[in-house]
Structure formats: C-alpha cells, structure tokens
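*Asks:* Before I ask anything, here is the structure I am working with.
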Amino acid sequence: MALRSLNLPGVGTKYEFETDKGDTVAIFFTKTGIIQMYTLQKGCHTPSAAEMTPVEARRLGNILTGAIIEADQESVEIAFSALADLRITIHSYIVPRAIAGKTIEDLRIRAKTGTTVIAVSRNDKNIINPPPSFVFETGDAVLVIGETDQLKLFEREIMVD
Amino acid sequence: MEGIIIALFVCLVLALVSKYLTIPAIPFYIIAGVVLGQAGLGIVASDQLSSFFSDMGLIFLLFFVGLGLRVEKISENRSAVLTSGMIDLNVNMIIGFVAAYLLGFSFVASLIVAAAFYISSTAMAITSLIENRKLMMRESETIIWLMVFEDLAMIIVLALLSAGNQNLIFFAAKIIFVLAILYVLAQYGKEFLVSILDRDDELPVLFTFVAVITTAGGAELLGIPDTLAVIALGAAFATTDPDAFEQHARPFKDVFLVIFFVFFGITMNLSGNVSISVIAIICLLAVASKLISGVLTGIALYGSARSGLEIWANTIARGEFSIALAVLYGSPPVAATIAVMVIVTSLVGSFVAKYYGSLSRGFAGRSRHHGPPHRVRAGH
C-alpha cells in the first residue's frame with residue numbers, strides 16, 4: 001500500500017493510496033471544509049465519489065478502524081505509529097443497574113481488566129479522571145480507555161446486567 | 001449608500017438562486033449591475049463609497065492571488081506546469097489578440113482583450129472540479145496547476161500594463177525593492193505575525209485588513225500600482241501562515257468582491273460603439289480557443305484528445321481576472337466586450353462541465369472499442 005499526499009493550490013490536500021489488489025482510494029480535504037472520497041476499482045475508468053462533512057468523515061474513519069459504533073456506545077481507536085504501532089481504544093458505555101451504587105475501587109476495574117475509566121458524563125456534566133471513590137449511578141455514560149481485548153474483558157466482567 | 005444596499009440585496013437573492021442551481025454567481029452579479037445601473041434602469045449609480053468598496057474587492061482578490069503563490073511548490077512541478085501553461089498562454093493570447101485586432105480594436109485594447117480572453121477563472125474552475133466530483137481524475141491536477149500558471153502570467157501582464165510610460169527597469173527595480181522589503185519583514189516578523197494570527201479576539205482580522213489597505217495606500221506613495229503591491233504582500237505573507245490569512249481575509253474578499261462585480265455592471269457604458277457581432281465572435285472564439293489549447297494540452301501530456309476535452313470543459317469560464325483587467329485598463333467598448341465574454345463563457349463553461357460527463361458517456365458508448373482504456377478517467 002503506497003500512500004501519497006499532495007497539496008493542491010486553491011483546492012486543499014489530496015491523499016491517495018493503492019491497495020494491494022490494485023484498487024485506488026483518493027481523499028480530498030478541500031478548503032471549503034468538505035471532504036470528498038473517491039474509490040476506483042481496478043480496471044474501471046469511472047471512480048465513484050462521496051462527499052462528506054467533517055463529522056461524517058470522522059464517523060467513517062471510526063468505522064474503518066474497526067470500532068463498533070452504536071447510538072450510545074461509541075469507540076474510537078487511535079494508532080500511534082511512533083510508538084511501535086500502539087493501538088489504543090476509547091469506548092463509551094452506559095452504566096447498567098447492576099453496578100449502580102458501587103465505586104471504581106469496589107469494582108476493581110483496573111486490577112480485573114487493565115482498563116481505566118477516564119471520564120463520566122452524568123446529566124450533561126462531565127467528570128474527567130474520576131477518583132477511585134467515584135460512585136456510579138444508573139445511566140451514567142462512562143469513557144473507558146484500554147486495548148481492544150481489555151475492553152472486551154471490561155464489557156464481560158464489569159458491564160454485567 | 002442606499003444604492004449599495006439595493007445592489008447588495010439583489011446580489012444576495014441572486015447568490016441564493018445560483019447556489020441552488022449550482023451555477024456560477026459572477027455572471028448574475030454583472031447582469032444585475034447592468035440592469036440596475038446607468039445602462040439599464042438607472043436605479044443605482046456609483047459614488048465615492050461604492051468605488052472605495054469596489055477597489056477593496058479588487059485588492060482583496062489580488063491579495064488572495066499573492067497568498068496562493070508558493071514558489072517552491074511551483075518549481076517542484078515545473079515541467080508539467082510549463083508545458084500546459086505555455087500551450088494555454090500561446091494559443092489563447094494569440095487567438096484573442098489577432099481576433100480583437102482584426103475586429104477593429106486598437107493595439108493596446110487588443111492586448112487587454114487578449115489577456116482577458118486568455119485567463120480562465122480560477123475560482124470557477126476549482127468550484128467546478130469539486131462540485132462535479134472530478135478531483136480524482138488526472139486532468140484535475142493539470143487544470144489546478146494551469147490556474148496557478150495563469151495567475152503568474154496575469155501578474156506579469158498587470159505589471160507590464162501598469163508600467164505604462166515609465167522606465168521599465170526602474171519600475172521593475174521599485175517592485176522588486178518593495179517585494180524584498182515585504183519578504184524580509186515577513187521573515188523577521190514571522191513569530192510576531194503567527195502570535196497575532198493565533199489570537200481569538202479581533203486582532204487577527206483587524207491586522208489582516210490594515211496590512212492589506214496600508215500596503216495598497218503606501219504603494220501609491222512609492223509610485224507603484226496598489227494591485228502589484230498587495231500581490232507582493234500576499235506572497236510575503238504566504239511564507240508564514242497563508243491559511244490563517246486566507247481565513248481572516250475571506251469575509252472582506254467575499255463581500256467587497258460582490259460589490260466589485262455588481263458595480264462593474266452598474267458603471268458599464270454600453271453607448272460605446274461595439275457591434276453585437278464583434279462581441280459574439282469574441283465569445284465564440286473564447287469557447288473555441290480553450291478547446292484548441294485544451295486538446296493540445298491533453299495530447300501533449302496524456303496523448304489523449306479526450307483528456308483535452310476534460311481540461312476544456314473546466315477551463316472555459318472566464319471570470320474575476322478578466323473583469324479586473326477590464327476595470328483597470330479597459331475603455332468602455334473593451335469593458336463591454338469583456339463583460340459579455342465573461343457572462344457567456346462562465347454560463348457555457350458551467351453547463352459543459354456539468355453535462356460533459358453524460359455527453360461523453362454517450363460518445364464513449366459508440367466508440368468503446370477504440371484504444372486501450374486509461375487507468376483513471378473520471379467524470380463519465
């Protein structure tokens with residue numbers, strides 16, 4: 001896969017890469033803010049194009065990284081190529097009734113799963129880096145960071161109904 | 001003051017309609033100006049205020065041209081830029097000049113008509129590529145660099161025309177001196193400039209506006225044209241953070257440029273003696289000569305006349321720079337000719353670019369077995 005990026009004066013930035021199977025994908029970040037994605041199947045002459053707003057493009061990006069996206073359960077995977085391809089995922093969950101009233105410490109989240117709760121959103125207020133003594137309530141949205149496997153463990157062990 | 005308000009309000013309505021129909025708005029601004037102005041209903045006349053705003057429109061347009069000049073990028077792509085650029089320049093300048101001269105314009109007027117005839121609208125070409133989703137095709141890059149080349153050529157034309165009767169060497173020396181000073185200021189003041197541009201308050205916008213109008217005003221004191229001075233300022237600022245400058249100058253450009261176009265129409269004098277047939281011939285040739293240069297470029301770069309048609313479809317429209325030349329140097333007959341040419345070519349161009357895909361699909365269906373397919377050929 002060869003990726004090339006190009007600055008087009010007056011238009012914006014172009015990213016283009018060819019897949020191993022010979023298909024081509026080109027993405028243009030235009031100065032008007034919209035993003036256009038073209039895909040061209042090998043052997044075809046006419047690319048198909050999709051035009052996206054930045055929000056739509058980010059959503060597409062999330063899907064392409066393999067994260068599951070649902071209405072209230074979203075995750076974002078970030079790859080740091082500088083750190084030996086460290087891939088880290090941030091996932092949001094809605095607190096079920098079963099763990100309401102318990103603290104992060106009670107649940108031994110870190111010890112059992114290796115993940116960390118980095119933020120909780122409750123009634124439109126955000127609590128960043130909640131302390132171990134933080135008490136969950138039903139309906140809290142929590143943001144948890146970890147590797148994909150650790151998050152699966154978190155889903156099985158902690159988010160039980 | 002009421003005149004500007006009426007004119008701008010009409011332009012706003014027209015802009016809404018043209019965006020809805022995805023056709024360029026510039027021809028409508030000009031037509032609205034002609035209808036409202038002295039050649040039409042006479043509702044709006046130009047005054048000191050409107051001519052100040054119009055000047056600002058031109059100055060901010062040229063400031064943007066300067067911001068777009070990234071010399072290092074151009075030199076990276078020199079060979080491709082030069083081939084297409086020289087074909088485009090020679091074909092269109094020569095056809096434009098010969099036609100204008102034979103049709104009875106004076107030598108200087110013919111030069112101005114030829115320059116306006118040559119230079120396609122960068123804004124319309126790029127909008128057309130984006131809106132018709134043609135950015136991926138290989139011809140797009142050629143078109144984009146062609147626009148950069150044309151901008152450079154236009155700067156040279158502006159410099160030559162504005163030199164007038166002055167000593168050319170002295171004139172060039174003055175311009176280079178101003179450019180050098182602006183470059184040195186931008187380089188030494190880079191940190192200061194970036195620290196201003198990063199602020200959230202009114203400073204970035206205020207600074208950008210004042211820098212542009214001060215340069216334009218200062219240029220007159222030095223005896224060089226304000227047009228060239230603001231291009232030089234843009235080019236100097238482009239070495240710091242051009243995107244930030246574009247962002248802060250855009251609202252001024254957008255509003256003042258609309259005033260510029262509509263008052264170009266309002267002040268147009270149609271009583272000058274140009275016959276309709278002369279204008280019609282120029283318009284026809286304007287579409288045809290870009291076809292010739294486009295096909296020649298397509299053959300030279302890709303060995304394909306079809307590529308050339310694609311280049312043609314997106315570069316037919318003449319626009320902002322042609323009008324700028326008409327305003328700066330055109331006599332009433334020249335200005336009227338250029339105005340009609342801009343209106344016709346921009347509408348024809350927008351139509352051809354939009355429907356070229358389906359037109360050529362029909363064509364390709366009939367001649368499918370001709371030649372091997374190219375890897376990337378978008379838009380049909």
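In the structure tokens, each chain is lettered A, B, ... as it comes, each chain's residues begin at 1, and ligands are numbered from 1 in order of appearance.
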Mind dumping a table of every chain A residue within 9 Å of chain B, with the nearest atom pair and its distance in Å to one decimal, using only C-alpha atoms, sorted by chain and rising number, as a Markdown table?
*Replies:*
```
| residue | atom | partner | partner_atom | distance |
| --- | --- | --- | --- | --- |
| A:Asn7 | CA | B:Lys73 | CA | 8.6 |
| A:Leu8 | CA | B:Ile144 | CA | 7.1 |
| A:Pro9 | CA | B:Gly68 | CA | 6.6 |
| A:Gly10 | CA | B:Gly68 | CA | 6.9 |
| A:Val11 | CA | B:Ile126 | CA | 6.7 |
| A:Lys14 | CA | B:Met136 | CA | 8.9 |
| A:Ala26 | CA | B:Met136 | CA | 6.7 |
| A:Ile27 | CA | B:Met136 | CA | 8.5 |
| A:Phe28 | CA | B:Leu135 | CA | 7.8 |
| A:Thr30 | CA | B:Ile130 | CA | 8.3 |
| A:Gln36 | CA | B:Arg133 | CA | 7.8 |
| A:Met37 | CA | B:Met136 | CA | 8.8 |
| A:Tyr38 | CA | B:Met136 | CA | 6.7 |
| A:Thr39 | CA | B:Met136 | CA | 8.9 |
| A:Leu40 | CA | B:Val376 | CA | 8.0 |
| A:Lys42 | CA | B:Arg375 | CA | 8.1 |
| A:Gly43 | CA | B:Arg375 | CA | 6.9 |
| A:Cys44 | CA | B:Arg375 | CA | 7.1 |
| A:His45 | CA | B:Arg377 | CA | 5.1 |
| A:Thr46 | CA | B:Ala378 | CA | 4.9 |
| A:Pro47 | CA | B:Ala378 | CA | 6.0 |
| A:Ser48 | CA | B:Ala378 | CA | 8.7 |
| A:Ala49 | CA | B:Arg133 | CA | 6.5 |
| A:Ala50 | CA | B:Arg133 | CA | 8.4 |
| A:Glu51 | CA | B:Arg133 | CA | 8.4 |
```
*Asks:* Can you pull out every residue within 12 Å of Phe134 (chain A), counting only C-alpha atoms, but drop anything in the same chain fewer than 4 positions away, and send it as a ChimeraX atom specification?
*Replies:* /A:100-107,117-120,127-130,140,142
*Asks:* Give the alpha helix (DSSP H) residues of region 80-306 of chain B, as DSSP finds them on the backbone, and put them as a ChimeraX atom specification.
*Replies:* /B:80-102,107-118,122-131,138-163,168-188,190-197,203-222,226-237,242-266,276-302,305-306
*Asks:* In terms of the shortest atom-to-atom distance over only C-alpha atoms, which of B:Met124, B:Ala153, B:Ile5, B:Ile276 is closest to Asn314 (chain B)?
*Replies:* B:Met124
*Asks:* Check the smallest atom-to-atom distance from each of A:Ala111, A:Ala57, A:Ala141, A:Ile94 to Met159 (chain A) using only C-alpha atoms, then report the winner.
*Replies:*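 So, comparing all the options, the nearest one is A:Ile94.
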